$ cat run_30.txt   # compact mmCIF, C-alpha atoms
# COMPACT_ATOMS: atom_id res chain seq x y z
CA MET Y 88 122.55 25.29 -90.05
CA PRO Y 89 120.85 27.98 -92.16
CA ARG Y 90 121.13 31.58 -90.98
CA SER Y 91 118.53 34.31 -91.25
CA CYS Y 92 119.95 37.83 -91.15
CA GLY Y 93 117.09 39.64 -92.91
CA PRO Y 94 117.43 42.49 -95.38
CA ALA Y 95 119.52 44.63 -93.01
CA LYS Y 96 122.62 42.47 -93.64
CA PRO Y 97 122.71 41.63 -97.35
CA ALA Y 98 126.47 40.95 -97.31
CA CYS Y 99 126.36 38.49 -94.41
CA SER Y 100 128.14 35.17 -95.03
CA ALA Y 101 128.02 31.82 -93.29
CA THR Y 102 131.63 32.20 -92.08
CA THR Y 103 131.27 35.68 -90.58
CA CYS Y 104 127.60 36.04 -89.63
CA SER Y 105 126.89 36.33 -85.92
CA ALA Y 106 123.12 36.00 -86.27
CA PRO Y 107 121.50 33.12 -84.41
CA ALA Y 108 120.81 29.97 -86.35
CA ALA Y 109 117.31 29.74 -87.76
CA ALA Y 110 115.11 27.26 -85.93
CA PHE Y 111 113.11 24.65 -87.78
CA ASP Y 112 111.28 21.43 -87.09
CA ILE Y 113 111.97 18.02 -88.61
CA GLU Y 114 109.26 15.39 -88.85
CA ALA Y 115 110.46 11.86 -89.60
CA ARG Y 116 108.09 9.30 -91.09
CA LEU Y 117 108.56 5.60 -91.70
CA GLY Y 118 108.60 4.75 -95.41
CA GLY Y 119 106.18 2.45 -97.12
CA GLY Y 120 108.47 -0.56 -96.74
CA ALA Y 121 109.18 -0.97 -100.44
CA TYR Y 122 112.25 -0.20 -102.54
CA ILE Y 123 110.11 1.82 -104.95
CA CYS Y 124 109.40 4.34 -102.18
CA GLY Y 125 112.88 5.71 -102.84
CA GLU Y 126 111.51 7.11 -106.10
CA GLU Y 127 110.46 10.69 -105.41
CA THR Y 128 106.81 10.49 -106.41
CA ALA Y 129 106.28 7.08 -104.78
CA LEU Y 130 107.80 8.61 -101.66
CA LEU Y 131 105.20 11.39 -101.76
CA GLU Y 132 102.42 8.83 -102.14
CA SER Y 133 103.75 6.95 -99.10
CA ILE Y 134 103.95 10.10 -96.96
CA GLU Y 135 100.36 10.92 -97.90
CA GLY Y 136 99.30 7.51 -96.55
CA ARG Y 137 98.73 5.77 -99.86
CA ARG Y 138 100.35 2.78 -101.51
CA GLY Y 139 103.86 3.56 -102.74
CA GLN Y 140 103.21 3.92 -106.46
CA VAL Y 141 104.94 6.07 -109.05
CA ARG Y 142 103.10 9.15 -110.32
CA ALA Y 143 103.08 10.15 -113.95
CA LYS Y 144 105.22 13.20 -114.72
CA PRO Y 145 104.43 15.96 -115.56
CA PRO Y 146 103.45 17.56 -113.30
CA LEU Y 147 106.80 17.51 -111.52
CA PRO Y 148 106.82 17.58 -107.70
CA ALA Y 149 108.23 21.13 -107.86
CA ILE Y 150 104.86 22.12 -109.36
CA THR Y 151 102.47 19.64 -107.71
CA GLY Y 152 104.06 17.62 -104.93
CA LEU Y 153 103.17 16.69 -101.36
CA PHE Y 154 99.42 17.14 -100.79
CA GLY Y 155 99.26 18.99 -104.12
CA LYS Y 156 101.72 21.70 -103.04
CA PRO Y 157 105.06 22.59 -104.71
CA THR Y 158 107.69 20.34 -103.12
CA ALA Y 159 111.50 20.26 -103.22
CA ILE Y 160 112.92 16.75 -102.81
CA ASN Y 161 116.56 16.13 -101.86
CA ASN Y 162 118.25 12.92 -100.75
CA VAL Y 163 120.07 12.56 -97.44
CA ILE Y 164 123.52 12.73 -99.05
CA THR Y 165 122.71 16.14 -100.51
CA LEU Y 166 121.41 17.48 -97.20
CA ALA Y 167 124.44 16.11 -95.34
CA SER Y 168 126.70 18.23 -97.57
CA VAL Y 169 124.97 21.48 -96.61
CA PRO Y 170 126.70 22.10 -93.20
CA ILE Y 171 130.26 21.89 -94.57
CA ILE Y 172 129.37 24.16 -97.49
CA LEU Y 173 127.82 26.74 -95.14
CA ALA Y 174 130.76 26.49 -92.74
CA SER Y 175 133.63 26.56 -95.27
CA GLY Y 176 132.08 27.97 -98.43
CA ALA Y 177 131.22 26.62 -101.84
CA ALA Y 178 134.77 26.97 -103.19
CA PHE Y 179 136.12 24.71 -100.43
CA TYR Y 180 133.66 21.95 -101.32
CA ARG Y 181 134.17 22.44 -105.06
CA ASP Y 182 137.92 21.82 -104.70
CA TYR Y 183 137.16 18.16 -104.08
CA GLY Y 184 136.25 15.86 -106.95
CA MET Y 185 136.76 15.83 -110.70
CA GLY Y 186 134.92 17.03 -113.81
CA ARG Y 187 131.31 17.83 -113.04
CA SER Y 188 131.31 15.52 -109.98
CA ARG Y 189 132.33 17.85 -107.18
CA GLY Y 190 132.70 17.27 -103.47
CA THR Y 191 132.71 13.88 -101.74
CA LEU Y 192 130.54 10.79 -101.60
CA PRO Y 193 130.23 8.18 -98.83
CA PHE Y 194 130.85 4.93 -100.72
CA GLN Y 195 129.20 1.88 -99.19
CA LEU Y 196 131.30 -1.29 -99.44
CA ALA Y 197 129.42 -4.57 -99.08
CA GLY Y 198 129.42 -8.15 -100.31
CA ASN Y 199 132.58 -10.24 -100.35
CA VAL Y 200 134.89 -7.51 -99.05
CA LEU Y 201 137.34 -7.65 -96.16
CA ARG Y 202 136.62 -4.20 -94.73
CA GLY Y 203 133.01 -3.29 -95.43
CA GLY Y 204 131.25 -0.10 -94.39
CA LEU Y 205 131.34 3.56 -95.39
CA VAL Y 206 134.33 5.31 -96.97
CA GLU Y 207 133.87 9.01 -97.69
CA LYS Y 208 136.21 10.12 -100.46
CA ALA Y 209 136.36 12.80 -103.12
CA PHE Y 210 135.14 11.84 -106.57
CA GLY Y 211 137.98 10.72 -108.83
CA LEU Y 212 139.67 7.82 -107.08
CA THR Y 213 139.54 4.58 -109.01
CA LEU Y 214 137.41 1.56 -108.23
CA ASP Y 215 140.63 -0.42 -107.74
CA GLU Y 216 141.84 2.03 -105.08
CA LEU Y 217 138.50 1.96 -103.30
CA LEU Y 218 138.18 -1.83 -103.17
CA ASN Y 219 141.79 -2.79 -102.56
CA ASP Y 220 143.34 0.13 -100.65
CA PHE Y 221 140.30 0.85 -98.49
CA GLY Y 222 138.24 -2.34 -98.74
CA GLY Y 223 141.23 -4.66 -98.41
CA GLY Y 224 140.15 -6.96 -101.24
CA THR Y 225 137.79 -9.88 -100.72
CA ALA Y 226 136.87 -11.41 -97.37
CA SER Y 227 137.42 -14.85 -98.89
CA GLY Y 228 140.97 -14.00 -99.95
CA ARG Y 229 140.15 -14.97 -103.54
CA PRO Y 230 140.58 -12.59 -106.49
CA ILE Y 231 137.87 -10.02 -107.16
CA ARG Y 232 135.94 -10.83 -110.31
CA ALA Y 233 133.55 -7.88 -110.49
CA ALA Y 234 131.73 -5.24 -108.49
CA GLN Y 235 128.17 -4.04 -108.85
CA VAL Y 236 128.16 -0.27 -108.50
CA GLY Y 237 125.15 1.96 -107.84
CA GLY Y 238 122.85 -0.39 -105.94
CA PRO Y 239 120.77 -3.40 -107.04
CA LEU Y 240 119.98 -1.73 -110.38
CA GLY Y 241 123.60 -0.82 -111.11
CA ALA Y 242 125.78 -2.37 -113.80
CA TYR Y 243 128.51 -4.90 -113.01
CA VAL Y 244 132.04 -3.61 -113.58
CA PRO Y 245 134.60 -6.36 -114.39
CA VAL Y 246 138.00 -6.25 -112.73
CA GLN Y 247 139.70 -5.24 -116.00
CA ASP Y 248 137.77 -1.95 -115.81
CA PHE Y 249 138.72 -1.14 -112.23
CA ASP Y 250 140.84 1.77 -113.46
CA LEU Y 251 137.53 3.59 -113.98
CA PRO Y 252 137.41 6.77 -111.85
CA LEU Y 253 134.46 7.10 -109.50
CA ASP Y 254 132.76 9.93 -111.37
CA TYR Y 255 129.17 10.20 -112.61
CA GLU Y 256 130.10 11.07 -116.20
CA ALA Y 257 132.89 8.46 -116.44
CA PHE Y 258 130.51 5.70 -115.36
CA ALA Y 259 127.75 6.89 -117.69
CA ALA Y 260 130.20 6.79 -120.61
CA ARG Y 261 130.75 3.07 -119.89
CA GLY Y 262 127.02 2.29 -119.72
CA ALA Y 263 127.09 2.15 -115.93
CA MET Y 264 126.05 4.44 -113.08
CA LEU Y 265 127.61 5.60 -109.85
CA GLY Y 266 124.23 6.15 -108.21
CA HIS Y 267 124.34 6.56 -104.44
CA GLY Y 268 127.81 5.00 -104.23
CA GLY Y 269 126.82 1.49 -103.19
CA VAL Y 270 129.42 -1.12 -104.19
CA VAL Y 271 128.94 -4.90 -103.83
CA VAL Y 272 132.05 -7.03 -104.32
CA PHE Y 273 132.18 -10.55 -105.83
CA ASP Y 274 135.10 -12.95 -105.99
CA ASP Y 275 135.89 -15.40 -108.79
CA THR Y 276 133.44 -18.06 -107.55
CA VAL Y 277 130.31 -16.03 -108.34
CA ASP Y 278 127.82 -17.33 -110.92
CA MET Y 279 126.96 -14.27 -112.99
CA GLY Y 280 123.99 -15.99 -114.61
CA ARG Y 281 122.34 -16.23 -111.21
CA MET Y 282 123.12 -12.56 -110.58
CA ALA Y 283 121.32 -11.61 -113.81
CA ARG Y 284 118.29 -13.63 -112.76
CA PHE Y 285 118.36 -11.97 -109.32
CA ALA Y 286 118.24 -8.50 -110.92
CA MET Y 287 115.04 -9.33 -112.81
CA GLU Y 288 113.55 -11.15 -109.81
CA PHE Y 289 114.28 -8.14 -107.58
CA CYS Y 290 112.43 -5.87 -110.00
CA ALA Y 291 109.47 -8.25 -110.20
CA ALA Y 292 109.20 -8.31 -106.40
CA GLU Y 293 109.69 -4.57 -105.85
CA SER Y 294 107.83 -3.11 -108.84
CA CYS Y 295 104.91 -0.87 -107.88
CA GLY Y 296 103.00 -2.47 -110.76
CA LYS Y 297 101.81 0.73 -112.38
CA CYS Y 298 103.48 0.30 -115.78
CA THR Y 299 103.51 -2.82 -117.94
CA PRO Y 300 107.19 -2.80 -119.05
CA CYS Y 301 108.36 -3.02 -115.45
CA ARG Y 302 105.60 -5.20 -113.98
CA ILE Y 303 105.37 -7.78 -116.77
CA GLY Y 304 108.79 -7.27 -118.34
CA SER Y 305 110.66 -8.25 -115.19
CA THR Y 306 108.56 -11.40 -114.76
CA ARG Y 307 109.14 -12.44 -118.38
CA GLY Y 308 112.83 -11.54 -117.91
CA VAL Y 309 113.21 -14.07 -115.10
CA GLU Y 310 111.64 -16.75 -117.30
CA VAL Y 311 113.84 -16.00 -120.32
CA ILE Y 312 117.04 -15.96 -118.25
CA GLU Y 313 116.08 -19.30 -116.71
CA ARG Y 314 115.65 -20.76 -120.19
CA ILE Y 315 119.05 -19.40 -121.28
CA LEU Y 316 120.77 -20.83 -118.20
CA ALA Y 317 119.07 -24.19 -118.83
CA GLY Y 318 120.46 -24.21 -122.37
CA GLU Y 319 117.06 -23.94 -124.04
CA ASN Y 320 117.24 -22.46 -127.54
CA ARG Y 321 119.80 -19.79 -126.66
CA GLY Y 322 119.90 -18.53 -130.24
CA THR Y 323 116.30 -17.34 -129.86
CA ASN Y 324 116.14 -16.52 -126.17
CA LEU Y 325 119.24 -14.30 -126.09
CA PRO Y 326 117.90 -11.77 -128.67
CA LEU Y 327 114.53 -11.99 -126.91
CA LEU Y 328 116.16 -11.00 -123.61
CA GLU Y 329 118.01 -8.11 -125.23
CA ASP Y 330 114.79 -6.86 -126.86
CA LEU Y 331 112.99 -7.11 -123.54
CA CYS Y 332 115.72 -5.09 -121.83
CA THR Y 333 115.47 -2.39 -124.51
CA LEU Y 334 111.69 -2.23 -124.03
CA MET Y 335 112.07 -1.86 -120.26
CA ILE Y 336 114.65 0.91 -120.63
CA ASP Y 337 112.58 2.87 -123.16
CA GLY Y 338 109.07 2.22 -121.88
CA SER Y 339 109.14 2.08 -118.09
CA LEU Y 340 107.51 4.88 -116.13
CA CYS Y 341 110.43 5.34 -113.73
CA ALA Y 342 113.99 4.17 -113.11
CA MET Y 343 112.88 0.95 -111.38
CA GLY Y 344 112.05 -0.77 -114.65
CA GLY Y 345 114.26 1.48 -116.75
CA MET Y 346 117.45 0.52 -114.92
CA THR Y 347 116.81 -3.15 -114.12
CA PRO Y 348 118.33 -4.13 -117.51
CA TYR Y 349 121.64 -2.42 -116.61
CA PRO Y 350 123.02 -5.31 -114.51
CA VAL Y 351 121.62 -7.90 -116.94
CA LEU Y 352 123.14 -6.33 -120.06
CA SER Y 353 126.48 -5.69 -118.35
CA LEU Y 354 126.68 -9.33 -117.29
CA LEU Y 355 125.85 -10.56 -120.79
CA LYS Y 356 128.55 -8.28 -122.18
CA HIS Y 357 131.37 -9.06 -119.76
CA PHE Y 358 130.61 -12.64 -118.63
CA PRO Y 359 129.02 -14.50 -121.58
CA ALA Y 360 130.50 -17.82 -120.46
CA ASP Y 361 128.29 -17.75 -117.36
CA PHE Y 362 125.28 -17.88 -119.69
CA GLY Y 363 126.66 -20.82 -121.65
CA LEU Y 364 127.89 -18.53 -124.45
CA ALA Y 365 131.43 -19.11 -125.66
CA ASP Y 366 131.52 -15.74 -127.35
CA LYS Y 367 128.68 -13.27 -127.57
$ encode --input "run_30.txt" --output "C-alpha cells"
Amino acid sequence: MPRSCGPAKPACSATTCSAPAAAFDIEARLGGGAYICGEETALLESIEGRRGQVRAKPPLPAITGLFGKPTAINNVITLASVPIILASGAAFYRDYGMGRSRGTLPFQLAGNVLRGGLVEKAFGLTLDELLNDFGGGTASGRPIRAAQVGGPLGAYVPVQDFDLPLDYEAFAARGAMLGHGGVVVFDDTVDMGRMARFAMEFCAAESCGKCTPCRIGSTRGVEVIERILAGENRGTNLPLLEDLCTLMIDGSLCAMGGMTPYPVLSLLKHFPADFGLADK
C-alpha cells in the first residue's frame, strides 16, 4: 500500500515508516468482451464506452490517454508486485530472476498437463523444469511434443528446446516470447497443421478490423494454410504464407496482427511434416 509522509519526512522508507497508508478508490469496469481489449489503447476505447479498437500511436497514452488525459497503464502482474517491493525493498525483489528479467512471474499451465494452474517462480528456471517438475508432464501420460508459450499469439517451443530458461531476452533470441507466462502443453498426438490454422483463425475472429494486414491478412492466412494442408500446390502456397506472415509482422497496427505469425512460423520451422513437407 503506498504511503504518504509529506515533505517533513524525506528519508521515510516503506519498511520503517509509521505513517498511515494512503487511501484511494478503485473502480472496476467490465471489458469490451474482445481479446483486442487487452491492447492498451483498445482498452481505453472500451472504458470510454466505444468499440474496442486500436488507436494510432503517437500520441502515446502517457500524453493523450483516457478521455484525452495523460494515462499510465500497467497490467495486473505489475501491480501485484508492488506490495512485496514496498514491504521488502527493491533489492529483495531484484535478487530473484536472471539477466534483465527480475523478480517472479505466475506461470499459467494449461492444455494437456497433469497439474494445471498457476506456478509463481523466479525467472530463470527451464521450460522442462516448469512442465515436468511442477506440471507433472501430460495428463494423457504421453510424451510432450511442444508447448505454446506466451498466450494464443506465442510461438511453439519443441521439446528439444525445453532447456530454454524462462527469461524475456532468452525467448526473444529464439524468435519466441514469454509474454504473460501462459503455457499450453501438447502431447505427441497433436496435429500442428491444425494449430497453425487455429492461430490465423483466432486473429481473424478477434481482430478489431482497423488495419488491413491484420483484418485481411489473417483471413487469407486461414485460406492459404488450408490449401497447404490439402496438398494444393505447396511449392507456391508455402512462400505465399511466409510472405503474408512477414507483411503482418511489419505492417500491422498493433501486436494482434504483428504477433499472429509467431505460432505459424514456429510450427513451419519445427514441425514441417505436419504440413506435408518432408524437409523445409
$ atom_distance --input "run_30.txt" --atom1 "atom CA of Glu256 of chain Y" --atom2 "atom CA of Gln195 of chain Y"
19.4 Å
$ closest_residue --input "run_30.txt" --among "Y:Phe362, Y:Phe111, Y:Tyr183, Y:Tyr122" --to "Arg284 of chain Y" --atoms "only C-alpha atoms"
Y:Phe362
$ residues_around --input "run_30.txt" --residues "segment 126-130 of chain Y" --least-positions-apart "3" --cutoff "12 Å" --atoms "all atoms listed in the file" --output "JSON, numbers by chain"
{"Y": [116, 117, 118, 119, 120, 121, 122, 123, 133, 134, 135, 136, 137, 138, 139, 140, 141, 142, 143, 144, 145, 146, 147, 148, 149, 151, 152, 153, 154, 155, 158, 159, 160, 161, 162, 293, 294, 295, 296, 297, 340, 341, 342, 343, 344]}
$ closest_residue --input "run_30.txt" --among "Y:Ala283, Y:Gly125, Y:Ile150, Y:Gly241" --to "Phe358 of chain Y" --atoms "all atoms listed in the file"
Y:Ala283
$ atom_distance --input "run_30.txt" --atom1 "atom CA of Val206 of chain Y" --atom2 "atom CA of Leu265 of chain Y"
14.5 Å
$ closest_residue --input "run_30.txt" --among "Y:Val277, Y:Val163, Y:Leu201, Y:Leu253" --to "Arg232 of chain Y" --atoms "all atoms listed in the file"
Y:Val277
$ atom_distance --input "run_30.txt" --atom1 "atom CA of Ile171 of chain Y" --atom2 "atom CA of Val270 of chain Y"
25.0 Å
$ closest_residue --input "run_30.txt" --among "Y:Ala360, Y:Ala174, Y:Met287, Y:Leu355" --to "Val244 of chain Y" --atoms "all atoms listed in the file"
Y:Leu355
